[in-house]
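> Quick one: the structure is below, and I'll ask about it shortly.
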Amino acid sequence: MSKKGKVLVAMSGGIDSTVSALMLHEQGYEVVGITMKTWDYASSGGGKKETGCCNLDSFNDARKAAVDHGFPHYVLDIREEFGDFVVNNFVEEYIAGRTPNPCVLCNTHIKWAALLKRANALGCDFIATGHYVKVREENSRFVLSKAKDLTKDQSYVLWGLGQECLSRSIYPLGDLLKTEVRQLAFDRGYTELAKKAESYEICFVPDNDYRAFLKRNVNGLEDRVNGGDFVLADGQVVGKHNGYPFYTIGQRKGLEIAYGKPLYVTNILPDNNTVVLGEIHELQQSEMTVRGLNMVKYGAIGEQMEAVTKIRYRDPGMQSVLTSVPGGVHVAFSQAVSSVAPGQSAVFYEGDDVIAGGIIQKDILAG
């Protein structure tokens, strides 16, 4: 029995999770590797072969690393839970005229829940992943914060993790740069892994075409939504579209509208199959409402609080004032931000620390 404890490491077969497992093994933890199968590509109808974290090559890469270093490895099939919850929500959100973030939902409700359940069954004290974040205990709470490598930081997609998950989580890469992680893999003989490209696709949309995925998974969708109106903010009809679920806030390409100046999707109205277009300045919002909060650093927002708010993964963030409202928080930005998309995550930061996160709502107050 290791003095440091027993840790269940989620191993996708990629470089980050593999190096995490090896680091913990070398540090003296009793490591158990686990690879989660979330999706069956054969059922997705996509044209590309399996890529990313849910293919046989990735499973074999994860198992090889475990065998090389003498710790056990398991494959956990969570396709049923994943499909019922994450994929169904993905479809429902687009049908509701919103833009979902399935990776956030999966992390919050599926992967970490599955990890904790299996960790308990195997007598593991901790769970670990290859995410680029940090966690610490402060004032009787476990605080999630940004990684040293800000270009790889993944705190935005982990805002939904509860205190129990954070209290038992280890993130070995939080204090490392990606270049250092690649060097660690190379130094340990994993030369191919060190050069392995990263996948940024949604795992159940292997061709990265969510529109085709919706068409394959919602019977009669195209016939039902095709031919709705493109309108301007004043109601003027400027063309016909292919169906409101196939557009996202801020979209410019693929509109097939000749108007004499660039137009962008500024609003989606599913009730009457209408897509609102406008010029780039019409995408600007100075405030919004966020609900479904998960508190991380503090137990509550309080009446009012200053924070830097991120509205998408690569967003640098904007200084804002948070005000508690029933069931959520009102966000007032210090400067207007562009392309606020209902259904996406908003994450609030104090320095590098995650204060809380939630889901951007339709009831956005225009600036």
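Letters A, B, ... go to the chains of the structure tokens in the order shown; residues in each chain start at 1; ligands are counted from 1 in the same order.
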Could you tell me, as a PyMOL selection string, which residues of stretch 168-315 of chain A DSSP assigns to helix (DSSP H, G or I) when given the backbone?
chain A and resi 178-187+191-194+210-217+221-225+244-246+270-272+280-283
> Please, which residues of stretch 28-216 of chain A, numbered as in this document, come out strand (DSSP E or B) from DSSP, as a VMD selection string?
chain A and resid 30 to 37 73 to 77 126 to 128 133 to 138 141 to 146 169 to 170
> Pick out the residues sitting within 8 Å of stretch 93-98 of chain A, and hand them over as a PyMOL selection string; count only C-alpha atoms, and ignore anything fewer than 4 positions along from it in its own chain.
chain A and resi 89+244-246+248+268-270+341-344
> Write out, as a CSV table (one decimal), in the first residue's frame, the residues just selected, with N, CA, C and O atoms.

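Contents of part-v4.csv, as written:
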chain,number,residue,atom,x,y,z
A,89,ASN,N,-29.0,16.1,-24.7
A,89,ASN,CA,-29.0,17.5,-24.4
A,89,ASN,C,-28.5,18.3,-25.6
A,89,ASN,O,-29.0,19.4,-25.8
A,244,TYR,N,-33.4,27.0,-38.6
A,244,TYR,CA,-32.7,27.7,-37.5
A,244,TYR,C,-31.7,26.9,-36.6
A,244,TYR,O,-30.8,27.5,-36.1
A,245,PRO,N,-31.9,25.5,-36.5
A,245,PRO,CA,-30.9,24.8,-35.6
A,245,PRO,C,-29.5,24.8,-36.3
A,245,PRO,O,-28.5,24.5,-35.6
A,246,PHE,N,-29.4,25.2,-37.5
A,246,PHE,CA,-28.1,25.0,-38.2
A,246,PHE,C,-27.3,26.3,-38.2
A,246,PHE,O,-26.3,26.5,-39.0
A,248,THR,N,-25.6,29.6,-35.6
A,248,THR,CA,-25.1,30.0,-34.3
A,248,THR,C,-24.9,31.5,-34.2
A,248,THR,O,-24.6,32.1,-35.2
A,268,ILE,N,-31.7,33.9,-32.6
A,268,ILE,CA,-32.3,32.7,-33.2
A,268,ILE,C,-33.7,32.6,-32.5
A,268,ILE,O,-33.7,32.5,-31.2
A,269,LEU,N,-34.8,32.5,-33.3
A,269,LEU,CA,-36.1,32.5,-32.7
A,269,LEU,C,-36.8,31.1,-33.2
A,269,LEU,O,-37.4,31.1,-34.2
A,270,PRO,N,-36.6,30.1,-32.4
A,270,PRO,CA,-37.1,28.8,-32.8
A,270,PRO,C,-38.7,28.7,-32.9
A,270,PRO,O,-39.2,27.9,-33.7
A,341,ALA,N,-23.7,33.9,-26.6
A,341,ALA,CA,-24.6,32.8,-27.2
A,341,ALA,C,-25.3,32.1,-26.0
A,341,ALA,O,-24.6,31.4,-25.2
A,342,PRO,N,-26.6,32.2,-26.0
A,342,PRO,CA,-27.3,31.4,-25.0
A,342,PRO,C,-27.1,29.9,-25.1
A,342,PRO,O,-27.0,29.4,-26.2
A,343,GLY,N,-26.9,29.3,-24.0
A,343,GLY,CA,-26.5,27.8,-24.0
A,343,GLY,C,-25.1,27.6,-23.7
A,343,GLY,O,-24.7,26.5,-23.2
A,344,GLN,N,-24.2,28.6,-24.0
A,344,GLN,CA,-22.8,28.5,-23.7
A,344,GLN,C,-22.5,28.8,-22.2
A,344,GLN,O,-23.3,29.3,-21.5
> Please tabulate, as JSON lines, the residues of stretch 315-336 of chain A that come within 6 Å of stretch 290-305 of chain A, each with its closest pair of atoms and the distance in Å to one decimal, counting only C-alpha atoms and ordering rows by chain, then residue number upward.

{"residue": "A:Val321", "atom": "CA", "partner": "A:Met305", "partner_atom": "CA", "distance": 5.7}
{"residue": "A:Leu322", "atom": "CA", "partner": "A:Met305", "partner_atom": "CA", "distance": 5.1}
{"residue": "A:Thr323", "atom": "CA", "partner": "A:Gln304", "partner_atom": "CA", "distance": 4.5}
{"residue": "A:Ser324", "atom": "CA", "partner": "A:Glu303", "partner_atom": "CA", "distance": 5.5}
{"residue": "A:Gly328", "atom": "CA", "partner": "A:Arg291", "partner_atom": "CA", "distance": 4.2}
{"residue": "A:Val329", "atom": "CA", "partner": "A:Val290", "partner_atom": "CA", "distance": 5.4}
> Could you write those residues out with N, CA and C atoms, as a CSV table (one decimal), in the first residue's frame?

chain,number,residue,atom,x,y,z
A,321,VAL,N,-19.3,43.2,-13.4
A,321,VAL,CA,-19.9,43.3,-12.1
A,321,VAL,C,-21.0,42.3,-12.0
A,322,LEU,N,-21.0,41.4,-11.1
A,322,LEU,CA,-22.0,40.3,-10.9
A,322,LEU,C,-23.0,40.8,-9.8
A,323,THR,N,-24.2,40.6,-10.1
A,323,THR,CA,-25.3,41.0,-9.2
A,323,THR,C,-26.2,39.8,-9.0
A,324,SER,N,-26.4,39.3,-7.8
A,324,SER,CA,-27.3,38.2,-7.6
A,324,SER,C,-28.8,38.5,-8.0
A,328,GLY,N,-29.9,32.9,-10.2
A,328,GLY,CA,-28.7,33.1,-11.0
A,328,GLY,C,-28.0,34.4,-10.7
A,329,VAL,N,-27.4,35.0,-11.7
A,329,VAL,CA,-26.6,36.2,-11.6
A,329,VAL,C,-26.8,37.1,-12.8
> Between A:Thr18, A:Asn217, A:Gln27, A:Gln284, single out the one closest to A:Gly5, counting only C-alpha atoms.
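Looking only at the distances to A:Gly5, the closest residue turns out to be A:Gln27.
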> With a distance cut-off of 6 Å and only C-alpha atoms, select the neighbouring residues of A:Lys310, excluding the residue or stretch itself and same-chain residues fewer than 6 positions from it, and output the selection as a list of chain:residue names.
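So, after excluding close chain neighbours, the residues are A:Gly317, A:Ala346, A:Val347.
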> Could you write out the selected residues, including C-alpha atoms, as a tab-separated table (two decimals), in the first residue's frame?

chain	number	residue	atom	x	y	z
A	317	GLY	CA	-12.34	37.60	-20.43
A	346	ALA	CA	-19.98	31.82	-18.58
A	347	VAL	CA	-17.15	31.44	-16.07
> Set the distance at 6 Å and use only C-alpha atoms: which residues neighbour stretch 335-340 of chain A once local chain neighbours fewer than 2 positions away are removed? I'd like the list as JSON, numbers by chain.
{"A": [249, 250, 283, 284, 285, 286, 333]}
> Take the residues from that selection and write them out as a CSV table (one decimal), in the first residue's frame, keeping N, CA, C and O atoms.

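Everything below was put into selection-v9.csv:
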chain,number,residue,atom,x,y,z
A,249,ILE,N,-25.1,32.0,-33.0
A,249,ILE,CA,-24.9,33.4,-32.8
A,249,ILE,C,-23.4,33.8,-33.2
A,249,ILE,O,-22.5,33.2,-32.8
A,250,GLY,N,-23.3,34.9,-34.0
A,250,GLY,CA,-22.0,35.4,-34.5
A,250,GLY,C,-21.6,34.8,-35.8
A,250,GLY,O,-20.6,35.3,-36.4
A,283,LEU,N,-24.0,42.7,-32.7
A,283,LEU,CA,-23.6,41.5,-31.8
A,283,LEU,C,-23.1,41.9,-30.5
A,283,LEU,O,-22.9,41.1,-29.6
A,284,GLN,N,-22.9,43.2,-30.2
A,284,GLN,CA,-22.4,43.7,-29.0
A,284,GLN,C,-23.4,43.6,-27.9
A,284,GLN,O,-24.6,44.0,-28.0
A,285,GLN,N,-23.0,43.1,-26.7
A,285,GLN,CA,-23.9,43.1,-25.5
A,285,GLN,C,-23.1,43.6,-24.3
A,285,GLN,O,-21.9,43.4,-24.2
A,286,SER,N,-23.8,44.4,-23.5
A,286,SER,CA,-23.2,45.0,-22.3
A,286,SER,C,-23.6,44.3,-21.1
A,286,SER,O,-23.0,44.5,-20.0
A,333,PHE,N,-21.0,44.0,-18.1
A,333,PHE,CA,-19.6,44.1,-18.6
A,333,PHE,C,-19.1,45.6,-18.6
A,333,PHE,O,-19.9,46.5,-18.8
> From the list A:Pro102, A:His131, A:Trp39, A:Asp84, which residue is nearest A:Ala10 when using only C-alpha atoms?
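Counting only C-alpha atoms, the residue closest to A:Ala10 is A:His131.
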> Any idea what's packed within 12 Å of A:Asp68, counting only C-alpha atoms, ignoring anything in its chain fewer than 6 positions away? Could you give it as a PyMOL selection string?
chain A and resi 18+21-22+25+60-62+188-190
> Once you have the residues from the selection above, write them out as a PDB file, in the first residue's frame, restricted to N, CA and C atoms.

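Final output, result32.pdb:
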ATOM      1  N   THR A  18      -1.419  10.277 -20.246  1.00  0.00           N
ATOM      2  CA  THR A  18      -0.348   9.291 -20.071  1.00  0.00           C
ATOM      3  C   THR A  18       0.750   9.842 -19.183  1.00  0.00           C
ATOM      4  N   ALA A  21      -0.353   9.962 -15.552  1.00  0.00           N
ATOM      5  CA  ALA A  21      -0.295   8.661 -14.891  1.00  0.00           C
ATOM      6  C   ALA A  21       1.139   8.290 -14.519  1.00  0.00           C
ATOM      7  N   LEU A  22       2.069   8.538 -15.446  1.00  0.00           N
ATOM      8  CA  LEU A  22       3.471   8.192 -15.180  1.00  0.00           C
ATOM      9  C   LEU A  22       4.055   9.065 -14.073  1.00  0.00           C
ATOM     10  N   HIS A  25       2.747   7.754 -10.777  1.00  0.00           N
ATOM     11  CA  HIS A  25       3.404   6.471 -10.496  1.00  0.00           C
ATOM     12  C   HIS A  25       4.811   6.704  -9.953  1.00  0.00           C
ATOM     13  N   ASN A  60      -5.479   1.079 -26.757  1.00  0.00           N
ATOM     14  CA  ASN A  60      -4.249   0.290 -26.728  1.00  0.00           C
ATOM     15  C   ASN A  60      -3.061   1.107 -26.233  1.00  0.00           C
ATOM     16  N   ASP A  61      -2.999   2.391 -26.610  1.00  0.00           N
ATOM     17  CA  ASP A  61      -1.914   3.257 -26.138  1.00  0.00           C
ATOM     18  C   ASP A  61      -1.978   3.414 -24.614  1.00  0.00           C
ATOM     19  N   ALA A  62      -3.181   3.585 -24.088  1.00  0.00           N
ATOM     20  CA  ALA A  62      -3.342   3.722 -22.643  1.00  0.00           C
ATOM     21  C   ALA A  62      -2.956   2.427 -21.934  1.00  0.00           C
ATOM     22  N   ARG A 188      10.801   9.511 -21.521  1.00  0.00           N
ATOM     23  CA  ARG A 188      10.393   8.192 -21.029  1.00  0.00           C
ATOM     24  C   ARG A 188      10.195   7.193 -22.154  1.00  0.00           C
ATOM     25  N   GLY A 189      10.638   7.565 -23.339  1.00  0.00           N
ATOM     26  CA  GLY A 189      10.614   6.633 -24.463  1.00  0.00           C
ATOM     27  C   GLY A 189       9.361   6.661 -25.305  1.00  0.00           C
ATOM     28  N   TYR A 190       8.443   7.575 -25.013  1.00  0.00           N
ATOM     29  CA  TYR A 190       7.197   7.655 -25.784  1.00  0.00           C
ATOM     30  C   TYR A 190       7.346   8.712 -26.876  1.00  0.00           C
TER      31      TYR A 190
END
> Restricting the calculation to only C-alpha atoms, which member of A:Gly33, A:Gly160, A:Pro172, A:Pro72 is positioned closest to A:Phe348?
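The answer is A:Gly160, which sits nearest to A:Phe348.
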> With only C-alpha atoms as the counted atoms, please give the residues lying no more than 10 Å from A:Asp352, apart from itself and same-chain residues fewer than 6 positions off, as a ChimeraX atom specification.
/A:134,144-148,150,155,308
> Would you put the residues from that selection into a file with all heavy atoms, as a compact mmCIF listing (two decimals), in the first residue's frame?

# COMPACT_ATOMS: atom_id res chain seq x y z
N LYS A 134 -5.31 23.77 -11.84
CA LYS A 134 -4.81 23.54 -10.49
C LYS A 134 -5.98 23.50 -9.52
O LYS A 134 -7.04 24.07 -9.79
CB LYS A 134 -3.86 24.68 -10.06
CG LYS A 134 -2.63 24.86 -10.93
CD LYS A 134 -1.81 26.04 -10.41
CE LYS A 134 -0.65 26.37 -11.34
NZ LYS A 134 0.14 27.54 -10.84
N LEU A 144 -10.66 25.78 -7.78
CA LEU A 144 -10.12 25.49 -9.10
C LEU A 144 -9.49 26.76 -9.64
O LEU A 144 -10.08 27.84 -9.54
CB LEU A 144 -11.25 25.03 -10.02
CG LEU A 144 -10.87 24.56 -11.42
CD1 LEU A 144 -10.18 23.21 -11.38
CD2 LEU A 144 -12.14 24.49 -12.30
N SER A 145 -8.29 26.65 -10.22
CA SER A 145 -7.64 27.83 -10.77
C SER A 145 -6.91 27.50 -12.07
O SER A 145 -6.74 26.34 -12.42
CB SER A 145 -6.67 28.45 -9.76
OG SER A 145 -5.65 27.54 -9.42
N LYS A 146 -6.51 28.55 -12.75
CA LYS A 146 -5.88 28.39 -14.06
C LYS A 146 -4.52 27.70 -13.95
O LYS A 146 -3.83 27.79 -12.94
CB LYS A 146 -5.68 29.77 -14.71
CG LYS A 146 -6.96 30.48 -15.08
CD LYS A 146 -6.65 31.83 -15.70
CE LYS A 146 -7.92 32.60 -16.02
NZ LYS A 146 -7.62 33.93 -16.59
N ALA A 147 -4.15 27.01 -15.02
CA ALA A 147 -2.87 26.33 -15.10
C ALA A 147 -1.74 27.32 -15.35
O ALA A 147 -1.97 28.46 -15.77
CB ALA A 147 -2.90 25.29 -16.21
N LYS A 148 -0.52 26.86 -15.12
CA LYS A 148 0.65 27.67 -15.43
C LYS A 148 0.68 28.00 -16.93
O LYS A 148 0.98 29.14 -17.32
CB LYS A 148 1.93 26.91 -15.04
CG LYS A 148 3.23 27.59 -15.44
CD LYS A 148 4.43 26.75 -15.07
CE LYS A 148 5.73 27.39 -15.54
NZ LYS A 148 6.91 26.55 -15.19
N LEU A 150 -1.09 29.09 -19.70
CA LEU A 150 -2.38 29.73 -19.99
C LEU A 150 -2.90 29.41 -21.39
O LEU A 150 -4.10 29.50 -21.64
CB LEU A 150 -2.26 31.25 -19.80
CG LEU A 150 -1.99 31.70 -18.36
CD1 LEU A 150 -1.85 33.22 -18.31
CD2 LEU A 150 -3.07 31.23 -17.40
N SER A 155 -9.62 25.44 -17.21
CA SER A 155 -10.54 25.74 -16.11
C SER A 155 -11.93 26.12 -16.62
O SER A 155 -12.92 25.86 -15.95
CB SER A 155 -9.97 26.85 -15.22
OG SER A 155 -9.73 28.04 -15.97
N VAL A 308 -13.74 38.83 -13.58
CA VAL A 308 -13.47 38.75 -15.02
C VAL A 308 -14.32 37.60 -15.55
O VAL A 308 -14.25 36.48 -15.04
CB VAL A 308 -11.98 38.51 -15.30
CG1 VAL A 308 -11.76 38.22 -16.79
CG2 VAL A 308 -11.16 39.72 -14.88
> Measuring between only C-alpha atoms, which one of A:Asp229, A:Leu76, A:Ile202, A:Ala307 shows the shortest distance to A:Ala332?
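Checking each candidate against A:Ala332, we get A:Ala307 as the closest.
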> For A:Arg118, which residue among A:Thr35, A:Tyr247, A:Gly162, A:Val276 is the nearest when counting only C-alpha atoms?
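Counting only C-alpha atoms, the residue closest to A:Arg118 is A:Thr35.
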> Identify which of the residues A:Ile170, A:Leu105, A:Leu115, A:Leu24 lies closest to A:Val133, counting only C-alpha atoms when measuring atom-to-atom distances.
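Closest candidate: A:Ile170.
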> In Å to one decimal, how far is atom CA of A:Asp16 from atom CA of A:Glu198?
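About the pair atom CA of A:Glu198 and atom CA of A:Asp16: they are 9.8 Å apart.
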> Interatomic distance between atom CA of A:Ala194 and atom CA of A:His69?
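Separation between atom CA of A:Ala194 and atom CA of A:His69: 17.4 Å.
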> Separation of atom CA of A:Lys240 and atom CA of A:Gly228, in Å?
5.5 Å
